[in-house]
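Chemist: entry_25.cif is reproduced below (mmCIF, C-alpha atoms; chains and numbers go by the auth columns).
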```
data_run
loop_
_atom_site.group_PDB
_atom_site.id
_atom_site.type_symbol
_atom_site.label_atom_id
_atom_site.label_comp_id
_atom_site.label_asym_id
_atom_site.label_seq_id
_atom_site.Cartn_x
_atom_site.Cartn_y
_atom_site.Cartn_z
_atom_site.B_iso_or_equiv
_atom_site.auth_seq_id
_atom_site.auth_asym_id
ATOM 1 C CA MET A 1 20.571 109.052 -33.806 0.00 1 X
ATOM 2 C CA GLU A 2 22.150 112.400 -33.050 0.00 2 X
ATOM 3 C CA ILE A 3 21.261 114.372 -29.926 0.00 3 X
ATOM 4 C CA GLN A 4 22.527 117.937 -29.838 0.00 4 X
ATOM 5 C CA THR A 5 20.973 119.235 -26.638 0.00 5 X
ATOM 6 C CA ILE A 6 19.727 118.126 -23.251 0.00 6 X
ATOM 7 C CA ASP A 7 16.689 119.789 -21.698 0.00 7 X
ATOM 8 C CA ALA A 8 15.584 119.811 -18.055 0.00 8 X
ATOM 9 C CA GLU A 9 13.635 116.551 -18.268 0.00 9 X
ATOM 10 C CA ILE A 10 16.523 114.679 -19.865 0.00 10 X
ATOM 11 C CA MET A 11 18.912 116.162 -17.293 0.00 11 X
ATOM 12 C CA ARG A 12 16.602 115.014 -14.506 0.00 12 X
ATOM 13 C CA ARG A 13 16.463 111.472 -15.889 0.00 13 X
ATOM 14 C CA CYS A 14 20.239 111.383 -16.445 0.00 14 X
ATOM 15 C CA PHE A 15 20.913 112.479 -12.880 0.00 15 X
ATOM 16 C CA LEU A 16 18.484 109.945 -11.397 0.00 16 X
ATOM 17 C CA SER A 17 20.039 107.211 -13.520 0.00 17 X
ATOM 18 C CA ALA A 18 23.534 108.239 -12.411 0.00 18 X
ATOM 19 C CA ALA A 19 22.449 108.064 -8.770 0.00 19 X
ATOM 20 C CA LYS A 20 21.147 104.519 -9.235 0.00 20 X
ATOM 21 C CA ASN A 21 24.327 103.514 -11.059 0.00 21 X
ATOM 22 C CA LEU A 22 26.563 104.889 -8.313 0.00 22 X
ATOM 23 C CA GLU A 23 24.487 103.101 -5.701 0.00 23 X
ATOM 24 C CA ALA A 24 24.826 99.840 -7.648 0.00 24 X
ATOM 25 C CA LYS A 25 28.627 100.242 -7.813 0.00 25 X
ATOM 26 C CA LYS A 26 29.225 101.397 -4.227 0.00 26 X
ATOM 27 C CA GLU A 27 30.907 98.168 -3.031 0.00 27 X
ATOM 28 C CA TRP A 28 33.209 98.161 -6.051 0.00 28 X
ATOM 29 C CA ILE A 29 34.148 101.782 -5.282 0.00 29 X
ATOM 30 C CA ASN A 30 34.677 100.895 -1.616 0.00 30 X
ATOM 31 C CA GLU A 31 37.252 98.323 -2.725 0.00 31 X
ATOM 32 C CA LEU A 32 39.058 100.833 -4.964 0.00 32 X
ATOM 33 C CA ASN A 33 39.691 103.325 -2.197 0.00 33 X
ATOM 34 C CA VAL A 34 43.298 103.419 -1.023 0.00 34 X
ATOM 35 C CA PHE A 35 43.899 107.129 -0.334 0.00 35 X
ATOM 36 C CA PRO A 36 44.600 108.521 2.154 0.00 36 X
ATOM 37 C CA VAL A 37 43.937 105.175 3.851 0.00 37 X
ATOM 38 C CA PRO A 38 42.092 102.094 2.547 0.00 38 X
ATOM 39 C CA ASP A 39 39.070 102.705 4.780 0.00 39 X
ATOM 40 C CA GLY A 40 36.587 101.041 2.435 0.00 40 X
ATOM 41 C CA ASP A 41 33.831 103.644 2.746 0.00 41 X
ATOM 42 C CA THR A 42 34.315 105.892 -0.278 0.00 42 X
ATOM 43 C CA GLY A 43 31.518 104.275 -2.289 0.00 43 X
ATOM 44 C CA THR A 44 29.212 104.326 0.711 0.00 44 X
ATOM 45 C CA ASN A 45 29.917 108.010 1.396 0.00 45 X
ATOM 46 C CA MET A 46 29.483 108.991 -2.248 0.00 46 X
ATOM 47 C CA THR A 47 26.249 106.989 -2.416 0.00 47 X
ATOM 48 C CA MET A 48 24.824 108.678 0.662 0.00 48 X
ATOM 49 C CA THR A 49 25.718 112.032 -0.851 0.00 49 X
ATOM 50 C CA ILE A 50 24.139 111.409 -4.250 0.00 50 X
ATOM 51 C CA LEU A 51 21.045 109.741 -2.767 0.00 51 X
ATOM 52 C CA SER A 52 20.374 112.888 -0.752 0.00 52 X
ATOM 53 C CA ALA A 53 20.482 114.876 -3.988 0.00 53 X
ATOM 54 C CA GLU A 54 18.361 112.212 -5.703 0.00 54 X
ATOM 55 C CA GLN A 55 15.623 112.682 -3.102 0.00 55 X
ATOM 56 C CA ALA A 56 15.666 116.423 -3.700 0.00 56 X
ATOM 57 C CA VAL A 57 15.379 115.947 -7.467 0.00 57 X
ATOM 58 C CA GLU A 58 12.637 113.322 -7.183 0.00 58 X
ATOM 59 C CA ALA A 59 10.582 115.736 -5.066 0.00 59 X
ATOM 60 C CA LEU A 60 10.389 118.165 -7.999 0.00 60 X
ATOM 61 C CA GLU A 61 7.410 118.076 -10.323 0.00 61 X
ATOM 62 C CA LYS A 62 8.160 119.187 -13.910 0.00 62 X
ATOM 63 C CA PRO A 63 11.299 121.057 -12.848 0.00 63 X
ATOM 64 C CA THR A 64 13.210 123.694 -14.748 0.00 64 X
ATOM 65 C CA MET A 65 16.957 123.356 -15.253 0.00 65 X
ATOM 66 C CA GLU A 66 17.512 125.888 -12.483 0.00 66 X
ATOM 67 C CA GLU A 67 15.346 123.895 -10.049 0.00 67 X
ATOM 68 C CA ILE A 68 17.159 120.661 -10.868 0.00 68 X
ATOM 69 C CA CYS A 69 20.535 122.338 -10.405 0.00 69 X
ATOM 70 C CA LYS A 70 19.491 123.811 -7.068 0.00 70 X
ATOM 71 C CA ALA A 71 18.160 120.429 -5.879 0.00 71 X
ATOM 72 C CA VAL A 72 21.337 118.595 -6.916 0.00 72 X
ATOM 73 C CA SER A 73 23.644 121.174 -5.377 0.00 73 X
ATOM 74 C CA SER A 74 21.818 121.673 -2.087 0.00 74 X
ATOM 75 C CA GLY A 75 20.778 118.029 -1.757 0.00 75 X
ATOM 76 C CA SER A 76 24.313 116.744 -2.243 0.00 76 X
ATOM 77 C CA LEU A 77 25.752 119.281 0.172 0.00 77 X
ATOM 78 C CA ARG A 78 23.199 118.360 2.851 0.00 78 X
ATOM 79 C CA GLY A 79 23.922 114.663 2.360 0.00 79 X
ATOM 80 C CA ALA A 80 27.703 114.888 2.000 0.00 80 X
ATOM 81 C CA ARG A 81 29.493 112.228 4.043 0.00 81 X
ATOM 82 C CA GLY A 82 33.238 111.822 4.403 0.00 82 X
ATOM 83 C CA ASN A 83 35.891 113.400 2.194 0.00 83 X
ATOM 84 C CA SER A 84 34.631 111.679 -0.938 0.00 84 X
ATOM 85 C CA GLY A 85 31.074 112.870 -0.319 0.00 85 X
ATOM 86 C CA VAL A 86 32.206 116.433 0.248 0.00 86 X
ATOM 87 C CA ILE A 87 34.303 116.363 -2.938 0.00 87 X
ATOM 88 C CA LEU A 88 31.365 114.906 -4.878 0.00 88 X
ATOM 89 C CA SER A 89 29.073 117.637 -3.544 0.00 89 X
ATOM 90 C CA GLN A 90 31.601 120.257 -4.671 0.00 90 X
ATOM 91 C CA LEU A 91 31.795 118.691 -8.115 0.00 91 X
ATOM 92 C CA PHE A 92 28.005 118.964 -8.293 0.00 92 X
ATOM 93 C CA ARG A 93 28.112 122.522 -6.962 0.00 93 X
ATOM 94 C CA GLY A 94 30.451 123.727 -9.711 0.00 94 X
ATOM 95 C CA PHE A 95 28.698 121.679 -12.381 0.00 95 X
ATOM 96 C CA THR A 96 25.239 123.000 -11.539 0.00 96 X
ATOM 97 C CA ARG A 97 26.376 126.615 -11.247 0.00 97 X
ATOM 98 C CA GLU A 98 27.410 126.469 -14.869 0.00 98 X
ATOM 99 C CA LEU A 99 24.163 124.829 -16.026 0.00 99 X
ATOM 100 C CA LYS A 100 21.460 126.537 -13.957 0.00 100 X
ATOM 101 C CA ASP A 101 20.703 129.322 -16.451 0.00 101 X
ATOM 102 C CA ALA A 102 20.644 127.099 -19.538 0.00 102 X
ATOM 103 C CA GLU A 103 17.359 125.956 -21.020 0.00 103 X
ATOM 104 C CA GLN A 104 19.186 123.557 -23.328 0.00 104 X
ATOM 105 C CA ILE A 105 22.638 122.117 -22.717 0.00 105 X
ATOM 106 C CA ASP A 106 24.921 121.465 -25.666 0.00 106 X
ATOM 107 C CA THR A 107 28.395 119.922 -25.703 0.00 107 X
ATOM 108 C CA LYS A 108 30.175 123.237 -25.159 0.00 108 X
ATOM 109 C CA ILE A 109 28.013 124.124 -22.149 0.00 109 X
ATOM 110 C CA LEU A 110 28.455 120.628 -20.725 0.00 110 X
ATOM 111 C CA ALA A 111 32.228 120.859 -21.181 0.00 111 X
ATOM 112 C CA SER A 112 32.248 124.224 -19.393 0.00 112 X
ATOM 113 C CA ALA A 113 30.223 122.715 -16.561 0.00 113 X
ATOM 114 C CA MET A 114 32.744 119.895 -16.207 0.00 114 X
ATOM 115 C CA VAL A 115 35.616 122.383 -16.070 0.00 115 X
ATOM 116 C CA ARG A 116 33.838 124.437 -13.409 0.00 116 X
ATOM 117 C CA ALA A 117 33.059 121.272 -11.439 0.00 117 X
ATOM 118 C CA ALA A 118 36.721 120.278 -11.338 0.00 118 X
ATOM 119 C CA GLU A 119 37.848 123.805 -10.459 0.00 119 X
ATOM 120 C CA THR A 120 35.288 124.069 -7.650 0.00 120 X
ATOM 121 C CA ALA A 121 36.282 120.708 -6.176 0.00 121 X
ATOM 122 C CA TYR A 122 40.014 121.510 -6.316 0.00 122 X
ATOM 123 C CA LYS A 123 39.407 124.805 -4.507 0.00 123 X
ATOM 124 C CA ALA A 124 37.399 123.040 -1.791 0.00 124 X
ATOM 125 C CA VAL A 125 40.279 120.718 -0.875 0.00 125 X
ATOM 126 C CA MET A 126 42.988 122.278 1.286 0.00 126 X
ATOM 127 C CA LYS A 127 45.809 120.129 -0.122 0.00 127 X
ATOM 128 C CA PRO A 128 44.636 118.489 -3.365 0.00 128 X
ATOM 129 C CA LYS A 129 46.427 115.260 -4.219 0.00 129 X
ATOM 130 C CA GLU A 130 46.954 113.982 -7.724 0.00 130 X
ATOM 131 C CA GLY A 131 45.802 110.453 -8.447 0.00 131 X
ATOM 132 C CA THR A 132 42.458 110.999 -6.736 0.00 132 X
ATOM 133 C CA ILE A 133 38.934 111.746 -7.951 0.00 133 X
ATOM 134 C CA LEU A 134 40.112 115.329 -8.447 0.00 134 X
ATOM 135 C CA THR A 135 42.588 114.190 -11.097 0.00 135 X
ATOM 136 C CA VAL A 136 39.895 112.160 -12.829 0.00 136 X
ATOM 137 C CA ALA A 137 37.483 115.120 -12.798 0.00 137 X
ATOM 138 C CA ARG A 138 40.114 117.444 -14.257 0.00 138 X
ATOM 139 C CA ALA A 139 41.177 114.971 -16.955 0.00 139 X
ATOM 140 C CA MET A 140 37.573 114.344 -17.963 0.00 140 X
ATOM 141 C CA ALA A 141 36.937 118.093 -18.109 0.00 141 X
ATOM 142 C CA GLU A 142 39.975 118.546 -20.356 0.00 142 X
ATOM 143 C CA GLN A 143 38.734 115.734 -22.614 0.00 143 X
ATOM 144 C CA ALA A 144 35.266 117.316 -22.641 0.00 144 X
ATOM 145 C CA VAL A 145 36.623 120.685 -23.792 0.00 145 X
ATOM 146 C CA GLU A 146 38.684 119.018 -26.515 0.00 146 X
ATOM 147 C CA THR A 147 35.773 116.873 -27.681 0.00 147 X
ATOM 148 C CA ALA A 148 33.276 119.757 -27.656 0.00 148 X
ATOM 149 C CA GLU A 149 35.471 121.482 -30.234 0.00 149 X
ATOM 150 C CA THR A 150 35.021 118.585 -32.667 0.00 150 X
ATOM 151 C CA THR A 151 31.400 117.479 -32.212 0.00 151 X
ATOM 152 C CA ASP A 152 27.999 118.800 -31.270 0.00 152 X
ATOM 153 C CA ASP A 153 26.597 115.254 -31.043 0.00 153 X
ATOM 154 C CA MET A 154 25.949 114.660 -27.361 0.00 154 X
ATOM 155 C CA ILE A 155 26.250 110.864 -27.694 0.00 155 X
ATOM 156 C CA LYS A 156 29.681 111.049 -29.350 0.00 156 X
ATOM 157 C CA PHE A 157 30.740 113.656 -26.811 0.00 157 X
ATOM 158 C CA LEU A 158 29.707 111.555 -23.814 0.00 158 X
ATOM 159 C CA GLU A 159 31.246 108.399 -25.284 0.00 159 X
ATOM 160 C CA ALA A 160 34.582 110.190 -25.754 0.00 160 X
ATOM 161 C CA VAL A 161 34.589 111.577 -22.210 0.00 161 X
ATOM 162 C CA ASN A 162 33.514 108.230 -20.762 0.00 162 X
ATOM 163 C CA ARG A 163 36.280 106.361 -22.627 0.00 163 X
ATOM 164 C CA LEU A 164 38.785 108.444 -20.704 0.00 164 X
ATOM 165 C CA SER A 165 37.252 107.342 -17.393 0.00 165 X
ATOM 166 C CA GLU A 166 37.604 103.694 -18.422 0.00 166 X
ATOM 167 C CA SER A 167 41.344 103.928 -19.039 0.00 167 X
#
```
Could you write out this file's structure as structure tokens?

Modeler:
Amino acid sequence: MEIQTIDAEIMRRCFLSAAKNLEAKKEWINELNVFPVPDGDTGTNMTMTILSAEQAVEALEKPTMEEICKAVSSGSLRGARGNSGVILSQLFRGFTRELKDAEQIDTKILASAMVRAAETAYKAVMKPKEGTILTVARAMAEQAVETAETTDDMIKFLEAVNRLSES
């Protein structure tokens, strides 16, 4: 089955699912954290950040894309905890700024949103370090742009971008 666009309702469900998935993986993420010190709270901080945005999205009834984007951006910023939470909120900020005016999101728009997310997060960090979530965001954005040039199938696009995150 080919999916070429994502509307506001699908975006809402995808975001809520992502929040639940991050929450389920928070301890695993806590164990991954080694930079700048292995403080073991990265997953917890990211979870608190995304759950704040999740609450804002869940409060919406039949939202438009713009309303979802505003809820994700403002909710994550209000709930941002620690460096990882702040970076995550900035990724969401850039991502949603690119999507807020779209009624339907295709692979090219999604790739642009990923690029803007990475750029926004890099700008928010005074001294960005490679090998961190910033590097992952940038690499995934680059893969997204490359993949969007070869397919308009959202499933194939997301699988290609996700494969990069698994390596």

Chemist: Which of these, X:Met46, X:Ala56, X:Leu158, X:Leu110, has the shortest distance to Arg81 in chain X once you count only C-alpha atoms?

Modeler: X:Met46

Chemist: Which value, in Å to one decimal, gives the distance between CA of Ala137 in chain X and CA of Ala118 in chain X?

Modeler: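 A separation of 5.4 Å between them.
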
Chemist: What residues come out when you apply the PyMOL selection byres ((chain X and resi 29) around 9) to this file, written as JSON, numbers by chain?

Modeler: {"X": [22, 25, 26, 27, 28, 30, 31, 32, 33, 40, 41, 42, 43, 44]}

Chemist: Got time to write the residues from that selection, C-alpha atoms, as an mmCIF file, keeping the file's coordinate frame?

Modeler:
```cif
data_model
loop_
_atom_site.group_PDB
_atom_site.id
_atom_site.type_symbol
_atom_site.label_atom_id
_atom_site.label_comp_id
_atom_site.auth_asym_id
_atom_site.auth_seq_id
_atom_site.Cartn_x
_atom_site.Cartn_y
_atom_site.Cartn_z
ATOM 1 C CA LEU X 22 26.563 104.889 -8.313
ATOM 2 C CA LYS X 25 28.627 100.242 -7.813
ATOM 3 C CA LYS X 26 29.225 101.397 -4.227
ATOM 4 C CA GLU X 27 30.907 98.168 -3.031
ATOM 5 C CA TRP X 28 33.209 98.161 -6.051
ATOM 6 C CA ASN X 30 34.677 100.895 -1.616
ATOM 7 C CA GLU X 31 37.252 98.323 -2.725
ATOM 8 C CA LEU X 32 39.058 100.833 -4.964
ATOM 9 C CA ASN X 33 39.691 103.325 -2.197
ATOM 10 C CA GLY X 40 36.587 101.041 2.435
ATOM 11 C CA ASP X 41 33.831 103.644 2.746
ATOM 12 C CA THR X 42 34.315 105.892 -0.278
ATOM 13 C CA GLY X 43 31.518 104.275 -2.289
ATOM 14 C CA THR X 44 29.212 104.326 0.711
#
```

Chemist: Interatomic distance between CA of Ile87 in chain X and CA of Ala148 in chain X?

Modeler: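 Atom-to-atom, CA of Ile87 in chain X and CA of Ala148 in chain X are spaced 25.0 Å apart.
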
Chemist: Show which residues sit within 10 Å of range 122-126 of chain X, as JSON, numbers by chain. Count all atoms listed in the file, and ignore same-chain residues fewer than 2 positions away.

Modeler: {"X": [83, 86, 87, 90, 91, 116, 117, 118, 119, 120, 128, 129, 133, 134, 135, 137, 138]}

Chemist: For Glu98 in chain X, find every residue with an atom within 8 Å (counting all atoms listed in the file), except residues of its own chain fewer than 4 positions away, and show them as a ChimeraX atom specification.

Modeler: /X:94,109,112-113,116

Chemist: Just how far from CA of Asn45 in chain X is CA of Gly75 in chain X, in Å to one decimal?

Modeler: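 Separation between CA of Gly75 in chain X and CA of Asn45 in chain X: 13.9 Å.
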
Chemist: For this file, the PyMOL selection byres ((chain X and resi 19) around 8) selects which residues, as number ranges by chain?

Modeler: X: 15-18, 20-23, 47, 50-51, 54

Chemist: Report as a VMD selection string the full result of the PyMOL selection byres ((chain X and resi 143) around 12) when it is applied to this structure.

Modeler: chain X and resid 107 to 108 110 to 112 114 to 115 136 to 142 144 to 150 157 to 165

Chemist: Residues near Phe92 in chain X, anyone? I mean within 9 Å using only C-alpha atoms, not counting same-chain ones fewer than 4 positions away, as a list in words.

Modeler: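 Listing them by chain and then by number gives Cys69, Val72, Ser73, Ser76, Leu77, Ile87, Leu88, Thr96, Arg97, Ala117, Thr120 and Ala121 of chain X.
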
Chemist: With all atoms listed in the file as the atoms that count, which of X:Arg93, X:Lys156, X:Lys127, X:Lys100 lies nearest to Glu67 in chain X?

Modeler: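 Smallest separation from Glu67 in chain X among the options: X:Lys100.
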
Chemist: Could you list, as a VMD selection string, every residue within 8 Å of range 8-10 of chain X, counting only C-alpha atoms and ignoring same-chain residues fewer than 6 positions away?

Modeler: chain X and resid 62 to 65 68 103 to 104

Chemist: The selected residues should be written to file as a PDB file, keeping the file's coordinate frame (atoms: C-alpha atoms).

Modeler:
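Result went into result03.pdb, see below:
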```
ATOM      1  CA  LYS X  62       8.160 119.187 -13.910  1.00  0.00           C
ATOM      2  CA  PRO X  63      11.299 121.057 -12.848  1.00  0.00           C
ATOM      3  CA  THR X  64      13.210 123.694 -14.748  1.00  0.00           C
ATOM      4  CA  MET X  65      16.957 123.356 -15.253  1.00  0.00           C
ATOM      5  CA  ILE X  68      17.159 120.661 -10.868  1.00  0.00           C
ATOM      6  CA  GLU X 103      17.359 125.956 -21.020  1.00  0.00           C
ATOM      7  CA  GLN X 104      19.186 123.557 -23.328  1.00  0.00           C
TER       8      GLN X 104
END
```

Chemist: How big is the axis-aligned box around the listed atoms of range 73-78 of chain X once 3 Å is added on each side, and where is its centre? Give both in Å to one decimal, as AutoDock Vina command-line options.

Modeler:
```
--center_x 23.3 --center_y 119.2 --center_z -1.3 --size_x 11.0 --size_y 10.9 --size_z 14.2
```

Chemist: Go through X:Leu99, X:Arg13, X:Ser84, X:Glu130 one by one, measure the shortest atom-to-atom distance of each to Val57 in chain X using only C-alpha atoms, and give the residue with the smallest value.

Modeler: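 Once distances to Val57 in chain X are computed over only C-alpha atoms, the minimum belongs to X:Arg13.
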